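**Student:** Here it is, the structure, as structure tokens.
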Amino acid sequence: MLYIASILRLGDSTALPCPLDDDSKERMLICLEVLVKPEAELVKVWLEDCRQSFAALTVEKQTREAAEAKANDHRASSQADDLIDFVQLKARKGLSQIEIEDEVTSDLHRAMGLVESAEADAKRLNRVLQLTGFSDPVYAEACVTVHQYDIVMDVTVANRSGETLQNLCLELATMGDLKLVERPQNYTLAPGDTKIIRANIKVSSTETGVIFGNIVYEGTGYSERNVVVLNDIHIDIMDYISPASCADVQFRNMWAEFEWENKVAINTAITDVNGFLDHIVATTNMKCLTPVSSLDGECGYLAANLYAKSVFGEDALVNVSVEKQTDGKLAGYIRIRSKTQGIALSLGDKITLKQKGP
């Protein structure tokens, strides 16, 4: 009791850089009450039930870490009995010089990891965005690839008119923390000709940015310049954040420290609280820090913490508090906290857009 009372007095002292938080103070006061008036039920709760709960928490944490370690084990890229091809020992009889050079080049690209798999090709096709209409004299579509701090735009421009287009230029502008590295040069396109224009854009923070612009060209019979306005390209915040894990104490400290908060009211067609949590986790590309055992059961109420980290080292914290009402609908709030305003607002917009349901 003397130790607890001394700690409480020390927590109220102004000499400490950080005062004692209210939760710890309340727990210590309960400990004092139990020591002053020990009852059989309270003694059982503190000495037996709390011990069992802590043991179950420890076992679950060890099980989760073992499962994560097993999942992180990479599958062997090659088997022990696979054949090894030596280029110098390959038979070149009957092969032309061009075929030999192509084979060597493909092997070199495969060794350097430059050969994309079928899944990468399909993912690349899903990122193709149409920038102009089919009836425009210039058709353009873009393939956007995000490489952490860089965004590479491969814009395919096709001349659908019957005349040669001169001084064709792709003019781009950005909004948000995006910066165009260099201005693309001018080109001349013959009727039916196609050109791929590459534009590099630098990213400085985790924020939903917008790329907009137009295509300017001159015809052959007149000097007037024509402008084709392009559709806006919205850079998704999901390309910058990835699931991460942290200790509960660290999560609470960051939650108290971060000043930017975005509160989103739950408005969804999903009627199951666990299903709604799974949908939010999949939509936001975050990791649920709340143990699975704490989410078991059908009580109609759920509270969970989600965490993710951006490629720029920024932390994103999300708290989901949802309950099932008497009419079967879900109600509650999703609170987002971060150190910067951009990631809090962008993640809130993403959740508001996707929370309706799949």
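By convention in this document, the chains of the structure tokens carry letters A, B, ... by their order, each chain's residues are numbered from 1, and ligands are numbered from 1 in the order they are shown.
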Each residue of segment 151-174 of chain A with at least one atom at most 6 Å from segment 189-198 of chain A should appear once, together with its nearest atom pair and the corresponding distance in Å (one decimal); atoms considered: only C-alpha atoms; ordering: chain, then increasing residue number; output as a Markdown table.

**Tutor:**
```
| residue | atom | partner | partner_atom | distance |
| --- | --- | --- | --- | --- |
| A:Met153 | CA | A:Arg198 | CA | 5.6 |
| A:Asp154 | CA | A:Arg198 | CA | 4.6 |
| A:Val155 | CA | A:Ile197 | CA | 5.0 |
| A:Thr156 | CA | A:Ile196 | CA | 4.4 |
| A:Val157 | CA | A:Lys195 | CA | 5.2 |
| A:Ala158 | CA | A:Thr194 | CA | 4.3 |
| A:Asn159 | CA | A:Gly192 | CA | 5.1 |
| A:Arg160 | CA | A:Gly192 | CA | 5.6 |
| A:Ser161 | CA | A:Pro191 | CA | 5.9 |
| A:Gly162 | CA | A:Pro191 | CA | 5.2 |
| A:Glu163 | CA | A:Pro191 | CA | 5.4 |
| A:Thr164 | CA | A:Ala190 | CA | 4.5 |
| A:Leu165 | CA | A:Leu189 | CA | 5.1 |
```

**Student:** Using only C-alpha atoms, which residues sit within 9 Å of Tyr187 of chain A once same-chain residues fewer than 5 positions away are excluded, as a tab-separated table (two decimals) with all heavy atoms, in the first residue's frame?

**Tutor:**
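part.tsv was written with the following content:
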```tsv
chain	number	residue	atom	x	y	z
A	165	LEU	N	-0.49	15.80	-87.47
A	165	LEU	CA	-0.54	16.70	-86.33
A	165	LEU	C	0.88	17.12	-85.98
A	165	LEU	O	1.75	16.27	-85.72
A	165	LEU	CB	-1.20	16.02	-85.13
A	165	LEU	CG	-2.60	15.45	-85.37
A	165	LEU	CD1	-3.15	14.84	-84.09
A	165	LEU	CD2	-3.54	16.52	-85.89
A	166	GLN	N	1.11	18.42	-85.99
A	166	GLN	CA	2.44	18.94	-85.72
A	166	GLN	C	2.50	19.58	-84.33
A	166	GLN	O	1.49	20.07	-83.82
A	166	GLN	CB	2.83	19.98	-86.78
A	166	GLN	CG	2.87	19.43	-88.20
A	166	GLN	CD	3.19	20.51	-89.21
A	166	GLN	OE1	3.23	21.69	-88.89
A	166	GLN	NE2	3.41	20.10	-90.46
A	167	ASN	N	3.71	19.58	-83.78
A	167	ASN	CA	3.95	20.19	-82.46
A	167	ASN	C	2.97	19.68	-81.41
A	167	ASN	O	2.45	20.44	-80.59
A	167	ASN	CB	3.88	21.71	-82.54
A	167	ASN	CG	4.99	22.30	-83.39
A	167	ASN	OD1	6.09	21.75	-83.44
A	167	ASN	ND2	4.70	23.39	-84.08
A	168	LEU	N	2.70	18.38	-81.45
A	168	LEU	CA	1.81	17.79	-80.46
A	168	LEU	C	2.54	17.71	-79.12
A	168	LEU	O	3.65	17.18	-79.03
A	168	LEU	CB	1.35	16.41	-80.91
A	168	LEU	CG	0.30	15.72	-80.03
A	168	LEU	CD1	-0.69	14.96	-80.90
A	168	LEU	CD2	0.95	14.75	-79.05
A	169	CYS	N	1.92	18.26	-78.10
A	169	CYS	CA	2.57	18.35	-76.80
A	169	CYS	C	1.58	17.93	-75.72
A	169	CYS	O	0.40	18.28	-75.75
A	169	CYS	CB	3.07	19.77	-76.54
A	169	CYS	SG	3.84	19.97	-74.91
A	195	LYS	N	2.03	7.19	-80.51
A	195	LYS	CA	3.25	7.55	-79.80
A	195	LYS	C	3.03	7.37	-78.31
A	195	LYS	O	1.96	7.70	-77.78
A	195	LYS	CB	3.62	9.02	-80.08
A	195	LYS	CG	4.94	9.45	-79.48
A	195	LYS	CD	6.10	8.80	-80.19
A	195	LYS	CE	7.43	9.28	-79.61
A	195	LYS	NZ	8.58	8.62	-80.26
A	217	TYR	N	-1.98	20.63	-80.13
A	217	TYR	CA	-1.36	20.28	-81.41
A	217	TYR	C	-1.77	21.31	-82.45
A	217	TYR	O	-2.71	22.08	-82.27
A	217	TYR	CB	-1.79	18.87	-81.85
A	217	TYR	CG	-3.26	18.71	-82.12
A	217	TYR	CD1	-3.79	18.92	-83.39
A	217	TYR	CD2	-4.14	18.37	-81.09
A	217	TYR	CE1	-5.14	18.78	-83.64
A	217	TYR	CE2	-5.48	18.23	-81.33
A	217	TYR	CZ	-5.98	18.43	-82.60
A	217	TYR	OH	-7.33	18.31	-82.84
```

**Student:** So which bits of segment 128-174 of chain A end up strand (DSSP E) when you DSSP the backbone, as a PDB file with C-alpha atoms, in the first residue's frame?

**Tutor:**
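out.pdb, freshly written:
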```
ATOM      1  CA  VAL A 128      -4.940   1.837 -67.755  1.00  0.00           C
ATOM      2  CA  LEU A 129      -7.050   5.020 -67.667  1.00  0.00           C
ATOM      3  CA  GLN A 130      -8.853   6.549 -70.618  1.00  0.00           C
ATOM      4  CA  VAL A 138      -6.481  12.561 -80.620  1.00  0.00           C
ATOM      5  CA  TYR A 139      -7.107   9.489 -78.476  1.00  0.00           C
ATOM      6  CA  ALA A 140      -5.045   9.151 -75.298  1.00  0.00           C
ATOM      7  CA  GLU A 141      -4.865   6.615 -72.488  1.00  0.00           C
ATOM      8  CA  ALA A 142      -2.416   6.405 -69.594  1.00  0.00           C
ATOM      9  CA  CYS A 143      -0.882   3.595 -67.600  1.00  0.00           C
ATOM     10  CA  VAL A 144       0.050   4.883 -64.129  1.00  0.00           C
ATOM     11  CA  THR A 145       2.755   3.052 -62.193  1.00  0.00           C
ATOM     12  CA  VAL A 146       3.646   4.052 -58.631  1.00  0.00           C
ATOM     13  CA  HIS A 147       7.223   3.453 -57.459  1.00  0.00           C
ATOM     14  CA  ASP A 150       7.926   8.414 -58.153  1.00  0.00           C
ATOM     15  CA  ILE A 151       4.888   8.132 -60.397  1.00  0.00           C
ATOM     16  CA  VAL A 152       5.531   7.068 -63.984  1.00  0.00           C
ATOM     17  CA  MET A 153       2.829   7.849 -66.544  1.00  0.00           C
ATOM     18  CA  ASP A 154       3.023   6.109 -69.914  1.00  0.00           C
ATOM     19  CA  VAL A 155       0.556   8.050 -72.078  1.00  0.00           C
ATOM     20  CA  THR A 156      -0.336   6.411 -75.392  1.00  0.00           C
ATOM     21  CA  VAL A 157      -1.395   9.040 -77.939  1.00  0.00           C
ATOM     22  CA  ALA A 158      -3.044   8.023 -81.236  1.00  0.00           C
ATOM     23  CA  ASN A 159      -3.811  10.283 -84.189  1.00  0.00           C
ATOM     24  CA  LEU A 165      -0.538  16.701 -86.335  1.00  0.00           C
ATOM     25  CA  GLN A 166       2.443  18.945 -85.725  1.00  0.00           C
ATOM     26  CA  ASN A 167       3.954  20.186 -82.456  1.00  0.00           C
ATOM     27  CA  LEU A 168       1.810  17.790 -80.456  1.00  0.00           C
ATOM     28  CA  CYS A 169       2.566  18.345 -76.797  1.00  0.00           C
ATOM     29  CA  LEU A 170       1.288  16.766 -73.593  1.00  0.00           C
ATOM     30  CA  GLU A 171       0.783  19.497 -70.990  1.00  0.00           C
ATOM     31  CA  LEU A 172       0.328  18.283 -67.413  1.00  0.00           C
ATOM     32  CA  ALA A 173      -0.354  20.035 -64.115  1.00  0.00           C
ATOM     33  CA  THR A 174      -0.602  18.610 -60.608  1.00  0.00           C
TER      34      THR A 174
END
```

**Student:** Can you work out the spacing between atom CA of Thr340 of chain A and atom CA of Trp260 of chain A in Å, to one decimal?

**Tutor:**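 Separation of atom CA of Thr340 of chain A and atom CA of Trp260 of chain A: 6.4 Å.
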
**Student:** Quick one: of A:Ser245, A:Gln325, A:Ser13, A:Thr220, who's nearest to Lys309 of chain A, counting only C-alpha atoms?

**Tutor:**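 Under the stated criterion, the closest residue is A:Ser245.
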
**Student:** For Lys350 of chain A, which residue among A:Met254, A:Ile235, A:Leu330, A:Ala247 is the nearest when counting only C-alpha atoms?

**Tutor:**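 Once distances to Lys350 of chain A are computed over only C-alpha atoms, the minimum belongs to A:Ile235.
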
**Student:** Do you have the atom CA of Tyr333 of chain A-atom CA of Thr283 of chain A distance handy?

**Tutor:** 16.2 Å

**Student:** Under the rule that only C-alpha atoms are counted, which of A:Ile233, A:Ile201, A:Ile343, A:Leu317 is the nearest residue to Asp248 of chain A?

**Tutor:** A:Leu317
